[in-house]
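Asker: Structure supplied as data.tsv; contents: TSV, C-alpha atoms.
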```tsv
chain	number	residue	atom	x	y	z
A	42	MET	CA	-15.45	-11.00	-27.38
A	43	GLU	CA	-16.07	-7.75	-25.57
A	44	ILE	CA	-15.38	-6.06	-22.27
A	45	THR	CA	-16.96	-3.05	-20.62
A	46	GLU	CA	-14.90	0.03	-19.85
A	47	ARG	CA	-15.37	-0.42	-16.08
A	48	ALA	CA	-14.42	-4.10	-16.23
A	49	LEU	CA	-11.27	-3.16	-18.15
A	50	TRP	CA	-10.31	-0.62	-15.47
A	51	THR	CA	-10.96	-3.24	-12.78
A	52	LEU	CA	-8.69	-5.62	-14.68
A	53	ILE	CA	-5.93	-2.99	-14.95
A	54	HIS	CA	-6.27	-2.15	-11.24
A	55	GLY	CA	-6.39	-5.72	-9.96
A	56	MET	CA	-4.34	-7.76	-12.39
A	57	LEU	CA	-1.83	-5.29	-13.79
A	58	PHE	CA	-1.09	-3.06	-10.79
A	59	GLY	CA	-2.15	-5.21	-7.82
A	60	GLY	CA	-1.26	-8.61	-9.26
A	61	LEU	CA	2.15	-7.53	-10.50
A	62	TYR	CA	2.84	-5.89	-7.13
A	63	LEU	CA	2.02	-9.10	-5.26
A	64	LEU	CA	4.23	-11.09	-7.62
A	65	ALA	CA	7.06	-8.61	-7.18
A	66	CYS	CA	6.79	-8.70	-3.37
A	67	SER	CA	8.17	-12.20	-2.97
A	68	GLY	CA	11.14	-11.36	-5.19
A	69	ALA	CA	11.83	-8.14	-3.29
A	70	LEU	CA	11.71	-9.90	0.08
A	71	MET	CA	14.14	-12.58	-1.10
A	72	GLU	CA	16.55	-10.04	-2.55
A	73	LEU	CA	16.39	-7.72	0.47
A	74	TYR	CA	17.10	-10.68	2.72
A	75	ARG	CA	19.94	-11.91	0.50
A	76	LEU	CA	21.57	-8.50	0.20
A	77	THR	CA	21.20	-7.31	3.78
A	78	VAL	CA	20.89	-10.33	6.10
A	79	SER	CA	22.07	-13.53	4.47
A	80	PRO	CA	25.50	-14.68	5.72
A	81	THR	CA	26.58	-15.51	2.17
A	82	LEU	CA	27.32	-12.15	0.61
A	83	PRO	CA	26.37	-12.19	-3.08
A	84	GLU	CA	28.89	-10.92	-5.57
A	85	SER	CA	28.77	-7.18	-5.53
A	86	THR	CA	28.17	-5.33	-8.75
A	87	ARG	CA	26.88	-1.88	-9.53
A	88	GLY	CA	24.53	-3.41	-12.10
A	89	HIS	CA	22.88	-5.69	-9.57
A	90	ASP	CA	22.33	-2.93	-7.03
A	91	ARG	CA	21.00	-0.62	-9.74
A	92	PHE	CA	18.59	-3.37	-10.79
A	93	MET	CA	17.37	-3.71	-7.19
A	94	ARG	CA	16.81	0.04	-6.93
A	95	ILE	CA	14.79	0.11	-10.16
A	96	TYR	CA	12.88	-3.00	-8.99
A	97	LEU	CA	11.85	-1.33	-5.71
A	98	ILE	CA	10.93	1.96	-7.41
A	99	THR	CA	8.79	0.02	-9.90
A	100	MET	CA	7.07	-1.72	-6.99
A	101	ALA	CA	6.34	1.61	-5.34
A	102	VAL	CA	4.90	2.95	-8.63
A	103	LEU	CA	2.73	-0.19	-8.99
A	104	ALA	CA	1.48	0.11	-5.41
A	105	TRP	CA	0.57	3.78	-5.83
A	106	ALA	CA	-1.08	3.09	-9.19
A	107	ALA	CA	-3.12	0.29	-7.60
A	108	VAL	CA	-4.46	2.35	-4.68
A	109	LEU	CA	-5.06	5.50	-6.72
A	110	SER	CA	-6.88	3.68	-9.55
A	111	GLY	CA	-8.85	1.70	-6.97
A	112	THR	CA	-9.84	4.73	-4.91
A	113	TYR	CA	-10.51	7.26	-7.65
A	114	ALA	CA	-11.57	5.19	-10.67
A	115	ILE	CA	-13.22	1.99	-9.43
A	116	TYR	CA	-14.49	2.79	-5.94
A	117	PRO	CA	-16.92	5.51	-7.18
A	118	TRP	CA	-18.49	2.93	-9.52
A	119	TYR	CA	-18.61	0.40	-6.69
A	120	ARG	CA	-20.40	2.73	-4.25
A	121	ALA	CA	-22.69	4.42	-6.78
A	122	THR	CA	-26.20	5.04	-5.46
A	123	PRO	CA	-29.02	3.57	-7.58
A	124	PRO	CA	-31.98	5.77	-8.49
A	125	ARG	CA	-35.04	5.25	-6.30
A	126	GLY	CA	-37.03	2.16	-7.26
A	127	THR	CA	-34.14	0.38	-9.01
A	128	VAL	CA	-34.74	-3.38	-8.90
A	129	ASN	CA	-31.76	-4.62	-10.90
A	130	LEU	CA	-28.70	-3.78	-8.77
A	131	SER	CA	-26.12	-5.32	-11.08
A	132	LEU	CA	-24.64	-1.88	-11.86
A	133	PHE	CA	-24.45	-0.97	-8.16
A	134	PRO	CA	-22.06	-3.52	-6.60
A	135	GLN	CA	-22.11	-2.17	-3.04
A	136	ARG	CA	-25.91	-2.18	-2.92
A	137	LEU	CA	-25.99	-5.60	-4.53
A	138	LEU	CA	-23.75	-7.02	-1.79
A	139	ILE	CA	-25.71	-5.33	1.00
A	140	SER	CA	-29.02	-6.59	-0.40
A	141	SER	CA	-28.36	-10.18	0.65
A	142	PRO	CA	-27.35	-11.60	4.06
A	143	ALA	CA	-25.21	-14.13	2.18
A	144	THR	CA	-23.04	-11.41	0.61
A	145	VAL	CA	-23.22	-8.43	2.96
A	146	GLY	CA	-20.00	-9.52	4.70
A	147	TRP	CA	-18.02	-9.01	1.50
A	148	HIS	CA	-18.82	-5.33	1.85
A	149	SER	CA	-18.96	-4.81	5.63
A	150	LEU	CA	-15.78	-6.78	6.28
A	151	GLY	CA	-14.05	-7.13	2.90
A	152	MET	CA	-14.40	-3.72	1.30
A	153	GLU	CA	-14.34	-1.83	4.62
A	154	TRP	CA	-10.96	-3.42	5.44
A	155	LYS	CA	-9.55	-3.40	1.91
A	156	GLU	CA	-10.20	0.28	1.23
A	157	HIS	CA	-7.99	1.33	4.17
A	158	VAL	CA	-5.45	-1.44	4.61
A	159	ALA	CA	-4.42	-1.29	0.93
A	160	TRP	CA	-2.83	2.13	1.52
A	161	PHE	CA	-0.25	0.61	3.88
A	162	ALA	CA	1.37	-1.12	0.89
A	163	PRO	CA	2.51	2.02	-1.00
A	164	ILE	CA	3.51	3.80	2.22
A	165	SER	CA	5.61	0.82	3.33
A	166	ILE	CA	7.23	0.01	0.00
A	167	THR	CA	8.07	3.68	-0.67
A	168	MET	CA	9.90	3.75	2.64
A	169	VAL	CA	11.64	0.44	1.87
A	170	ALA	CA	12.76	1.73	-1.54
A	171	PHE	CA	14.02	4.99	-0.05
A	172	VAL	CA	16.03	3.26	2.69
A	173	PHE	CA	17.52	0.72	0.27
A	174	ILE	CA	18.47	3.40	-2.24
A	175	ARG	CA	20.13	5.51	0.45
A	176	TYR	CA	21.86	2.74	2.41
A	177	GLY	CA	22.14	-0.22	0.02
A	178	ARG	CA	24.30	-2.99	1.40
A	179	ASP	CA	25.33	-0.75	4.28
A	180	LEU	CA	22.09	-2.02	5.88
A	181	ARG	CA	24.19	-5.05	6.84
A	182	ASN	CA	25.80	-2.80	9.41
A	183	HIS	CA	22.47	-1.66	10.91
A	184	ARG	CA	20.71	-4.69	12.39
A	185	GLN	CA	17.61	-2.87	13.69
A	186	LEU	CA	17.17	-0.84	10.51
A	187	ARG	CA	17.20	-3.87	8.26
A	188	LEU	CA	14.82	-5.72	10.57
A	189	ALA	CA	12.37	-2.79	10.47
A	190	VAL	CA	12.71	-2.53	6.68
A	191	LEU	CA	12.03	-6.25	6.25
A	192	VAL	CA	9.00	-6.13	8.58
A	193	PHE	CA	7.55	-3.19	6.65
A	194	ALA	CA	8.17	-5.06	3.37
A	195	VAL	CA	6.30	-8.09	4.79
A	196	ALA	CA	3.51	-5.77	6.00
A	197	SER	CA	3.18	-4.34	2.50
A	198	LEU	CA	2.81	-7.88	1.14
A	199	VAL	CA	0.17	-8.68	3.79
A	200	ALA	CA	-1.73	-5.44	3.12
A	201	ALA	CA	-1.67	-5.99	-0.63
A	202	GLY	CA	-2.65	-9.63	-0.12
A	203	ILE	CA	-5.69	-8.67	1.98
A	204	ALA	CA	-6.72	-6.06	-0.60
A	205	GLY	CA	-6.14	-8.47	-3.48
A	206	PHE	CA	-8.06	-11.33	-1.88
A	207	PHE	CA	-11.12	-9.25	-1.01
A	208	GLY	CA	-10.96	-7.42	-4.34
A	209	ALA	CA	-11.06	-10.71	-6.24
A	210	GLU	CA	-13.89	-12.11	-4.10
A	211	ILE	CA	-15.98	-8.94	-4.27
A	212	ASP	CA	-15.54	-8.91	-8.04
A	213	GLU	CA	-16.79	-12.50	-8.05
A	214	TYR	CA	-20.04	-11.68	-6.19
A	215	ALA	CA	-20.68	-8.13	-7.39
A	216	PRO	CA	-18.48	-7.20	-10.34
A	217	VAL	CA	-18.02	-3.59	-11.35
A	218	ARG	CA	-19.63	-3.43	-14.77
A	219	GLY	CA	-20.99	-0.81	-17.13
A	220	GLY	CA	-19.71	2.02	-19.26
A	221	SER	CA	-19.03	1.75	-22.94
A	222	THR	CA	-18.39	-1.68	-24.44
A	223	ILE	CA	-15.02	-2.41	-26.01
A	224	HIS	CA	-15.04	-5.05	-28.74
A	225	VAL	CA	-11.86	-7.10	-28.48
A	226	THR	CA	-12.40	-9.64	-31.25
A	227	ALA	CA	-15.27	-10.63	-33.46
A	228	GLY	CA	-16.03	-14.29	-32.75
A	229	GLU	CA	-17.76	-16.80	-34.97
A	230	ALA	CA	-21.00	-18.51	-33.94
A	231	LYS	CA	-20.80	-22.32	-33.85
B	53	MET	CA	42.69	-2.89	-9.53
B	54	LYS	CA	38.94	-2.37	-9.45
B	55	ARG	CA	37.55	-2.14	-5.90
B	56	PRO	CA	34.37	-4.12	-5.11
B	57	TYR	CA	31.30	-1.88	-5.08
B	58	ASN	CA	30.22	-2.53	-1.50
B	59	VAL	CA	33.53	-1.64	0.05
B	60	ALA	CA	33.53	1.99	1.12
B	61	ALA	CA	36.56	4.17	0.52
B	62	PRO	CA	38.68	4.56	3.68
B	63	ASP	CA	37.92	8.28	3.92
B	64	THR	CA	34.12	7.83	3.53
B	65	PRO	CA	32.33	8.59	6.83
B	66	PRO	CA	29.91	5.84	7.90
B	67	LEU	CA	26.23	6.59	7.23
B	68	THR	CA	24.29	7.70	10.28
B	69	ASN	CA	20.99	5.92	10.87
B	70	GLY	CA	18.91	9.10	11.27
B	71	SER	CA	17.66	9.30	7.69
B	72	ALA	CA	16.46	5.68	7.64
B	73	LEU	CA	14.81	6.01	11.02
B	74	ALA	CA	13.03	9.17	9.89
B	75	ALA	CA	11.59	7.22	6.95
B	76	ILE	CA	10.70	4.19	9.09
B	77	LEU	CA	9.08	6.17	11.90
B	78	SER	CA	7.12	8.41	9.53
B	79	ALA	CA	5.83	5.33	7.65
B	80	GLY	CA	4.56	3.93	10.96
B	81	ILE	CA	2.97	7.27	11.84
B	82	GLY	CA	1.41	7.55	8.36
B	83	CYS	CA	-0.22	4.12	8.61
B	84	PHE	CA	-1.44	4.82	12.14
B	85	VAL	CA	-2.91	8.24	11.25
B	86	LEU	CA	-4.72	6.69	8.31
B	87	ALA	CA	-6.23	3.98	10.53
B	88	LEU	CA	-7.15	6.51	13.20
B	89	LEU	CA	-8.80	8.85	10.68
B	90	ALA	CA	-10.85	5.95	9.29
B	91	ILE	CA	-12.20	5.26	12.79
B	92	LEU	CA	-12.83	8.95	13.49
B	93	ALA	CA	-14.68	9.35	10.21
B	94	ASP	CA	-16.83	6.33	11.07
B	95	ASN	CA	-17.79	7.75	14.45
B	96	SER	CA	-18.12	11.49	13.93
B	97	VAL	CA	-20.50	13.13	11.49
B	98	LEU	CA	-18.45	16.32	11.61
B	99	VAL	CA	-15.20	14.53	10.71
B	100	ARG	CA	-16.97	12.48	8.06
B	101	ARG	CA	-18.42	15.59	6.40
B	102	SER	CA	-15.17	17.52	6.52
B	103	LEU	CA	-13.21	14.66	4.96
B	104	VAL	CA	-15.23	14.39	1.75
B	105	PHE	CA	-12.66	15.92	-0.61
B	106	TYR	CA	-13.98	14.18	-3.72
B	107	LYS	CA	-17.67	13.33	-3.63
B	108	PRO	CA	-17.69	10.16	-5.82
B	109	THR	CA	-15.11	8.53	-3.50
B	110	GLY	CA	-16.67	9.98	-0.35
B	111	VAL	CA	-14.90	10.12	2.98
B	112	LEU	CA	-12.15	7.75	1.79
B	113	SER	CA	-10.75	10.60	-0.33
B	114	GLY	CA	-10.21	12.77	2.75
B	115	VAL	CA	-8.97	9.98	5.00
B	116	THR	CA	-6.29	8.95	2.51
B	117	THR	CA	-5.36	12.46	1.31
B	118	PHE	CA	-5.01	13.72	4.87
B	119	GLY	CA	-3.17	10.57	6.00
B	120	ILE	CA	-0.72	10.66	3.09
B	121	SER	CA	-0.13	14.41	3.48
B	122	LEU	CA	0.59	14.00	7.17
B	123	TRP	CA	2.93	11.07	6.48
B	124	LEU	CA	4.92	13.10	3.92
B	125	PHE	CA	4.98	16.16	6.16
B	126	THR	CA	6.20	14.12	9.14
B	127	TRP	CA	8.81	12.42	6.95
B	128	GLY	CA	10.09	15.80	5.74
B	129	ILE	CA	10.35	17.19	9.26
B	130	LEU	CA	12.01	14.07	10.68
B	131	GLU	CA	14.42	13.84	7.74
B	132	TRP	CA	15.40	17.47	8.27
B	133	ARG	CA	15.90	16.96	12.01
B	134	LEU	CA	17.54	13.51	12.04
B	135	ARG	CA	19.39	13.21	8.72
B	136	LYS	CA	22.88	13.68	10.12
B	137	LYS	CA	22.25	12.19	13.55
B	138	THR	CA	22.64	8.77	15.06
B	139	VAL	CA	19.43	7.85	16.83
B	140	PRO	CA	18.64	4.91	19.20
B	141	ALA	CA	17.55	2.55	16.43
B	142	GLY	CA	15.98	-0.14	18.61
B	143	ARG	CA	13.58	2.20	20.36
B	144	VAL	CA	12.53	4.16	17.26
B	145	SER	CA	12.09	0.97	15.19
B	146	ALA	CA	10.02	-0.56	18.00
B	147	ILE	CA	7.73	2.50	18.04
B	148	ALA	CA	7.36	2.40	14.24
B	149	LEU	CA	6.61	-1.34	14.19
B	150	THR	CA	4.12	-1.00	17.06
B	151	LEU	CA	2.31	1.74	15.13
B	152	LEU	CA	2.29	-0.46	12.03
B	153	VAL	CA	0.83	-3.46	13.88
B	154	LEU	CA	-1.75	-1.23	15.59
B	155	SER	CA	-2.71	0.20	12.21
B	156	LEU	CA	-3.28	-3.27	10.75
B	157	ILE	CA	-5.41	-4.22	13.77
B	158	LEU	CA	-7.36	-0.95	13.86
B	159	THR	CA	-8.39	-1.16	10.21
B	160	PHE	CA	-9.85	-4.66	10.74
B	161	PRO	CA	-13.63	-3.94	10.80
B	162	PRO	CA	-14.55	-6.11	13.84
B	163	VAL	CA	-11.97	-4.09	15.82
B	164	SER	CA	-12.71	-0.65	14.31
B	165	ASP	CA	-16.44	-1.22	14.97
B	166	LEU	CA	-15.71	-1.45	18.69
B	167	PHE	CA	-15.08	2.30	18.84
```
Using the file provided, produce a representation of the structure as structure tokens.

Answerer:
Amino acid sequence: MEITERALWTLIHGMLFGGLYLLACSGALMELYRLTVSPTLPESTRGHDRFMRIYLITMAVLAWAAVLSGTYAIYPWYRATPPRGTVNLSLFPQRLLISSPATVGWHSLGMEWKEHVAWFAPISITMVAFVFIRYGRDLRNHRQLRLAVLVFAVASLVAAGIAGFFGAEIDEYAPVRGGSTIHVTAGEAK
Amino acid sequence: MKRPYNVAAPDTPPLTNGSALAAILSAGIGCFVLALLAILADNSVLVRRSLVFYKPTGVLSGVTTFGISLWLFTWGILEWRLRKKTVPAGRVSAIALTLLVLSLILTFPPVSDLF
């Protein structure tokens, strides 16, 4: 079993950073709602609030790691220009998608939207983390603030969802491949 | 007796909303600037050329670097100006959320291609 260097980076970007972020979003939304809006006030402990702060900071780190690895590690491989006369476009995902009317939309709609909208996730969740760390449960006393914070948290989930969906689909039709090969395990032929 | 964590001490002044609104408004501005720059870069050769900060990533490097820098700069200025103030939360939140929604719409290619 083996994996190419570029495929490994795509996996780290999409599954580790992006996937974990999306998973964490639902938990963050539930907790933010429970701590700042829900009429049943959960038992208050320093440990729980500290956990929530670390949780939100981790989310912000994941979101930044996802957009930075996507923009500066994977996107250059995606948009690489093939040498003149190249027939096999498998190492040039953007050109591969554009080459067929059946797949061009994954670039012109999917990647064009994903590459910009994804950045709303780290901006939003960094703000959410900052406001929660500074105000904590005091947000209960600021109705408009907590509404804005929750809307931005939902927007970060939507932005990351759009980026994740199109990232997964683009990788299905034109995967980023190449680079050195990493041998994971040596399999046996049957 | 141990006091519950969320109960403020009687002599603690209530937190003003300025700091949170500075963060919220600057996040809205940051998203909007990023969306606007993406459209500008699509429509102007001059902007597109001047926003290529890192050639392998192309214009996206400039759009995001400039957008993020402006967001952080705006946040810093607003935090400095509003930190200790109480600001009309409804109006500022509404502006921030409008900018956020506009940003989401403006980055959608069928809409951004209209410009």

Asker: Do a neighbour search on range 172-174 of chain A at 10 Å with all atoms listed in the file, toss out local chain neighbours closer than 5 positions, and write the hits as number ranges by chain.

Answerer: A: 73, 77, 90-91, 93-95, 97-98, 166-167, 179-180, 186-187, 190; B: 69, 71-76

Asker: Check the smallest atom-to-atom distance from each of B:Leu152, B:Ser78, B:Cys83, B:Asp94 to Gly110 in chain B using all atoms listed in the file, then report the winner.

Answerer: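 Residue with the minimum atom-to-atom distance to Gly110 in chain B: B:Asp94.
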
Asker: Give me, as an NGL selection string, the contact residues of chain A against chain B at a cut-off of 8 Å, counting only C-alpha atoms.

Answerer: :A and (85-87 or 112-113 or 116-117 or 120-121 or 149-150 or 153-154 or 156-158 or 160-161 or 164-165 or 168 or 171-172 or 176 or 178-179 or 183 or 185-186 or 189-190 or 192-193)

Asker: How many Å lie between CA of Leu137 in chain A and CA of Asp212 in chain A, rounded to one decimal?

Answerer: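 Atom-to-atom, CA of Leu137 in chain A and CA of Asp212 in chain A are spaced 11.5 Å apart.
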
Asker: Name the closest residue to Ala107 in chain A among the candidates A:Pro124, A:Gly177, A:Gly220, A:Gly60; distances are taken between atoms, counting only C-alpha atoms.

Answerer: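 Checking each candidate against Ala107 in chain A, we get A:Gly60 as the closest.
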
Asker: Which residues are close to Val225 in chain A, i.e. within 8 Å by only C-alpha atoms, leaving aside same-chain residues fewer than 3 positions away? Reply as a ChimeraX atom specification.

Answerer: /A:42-44
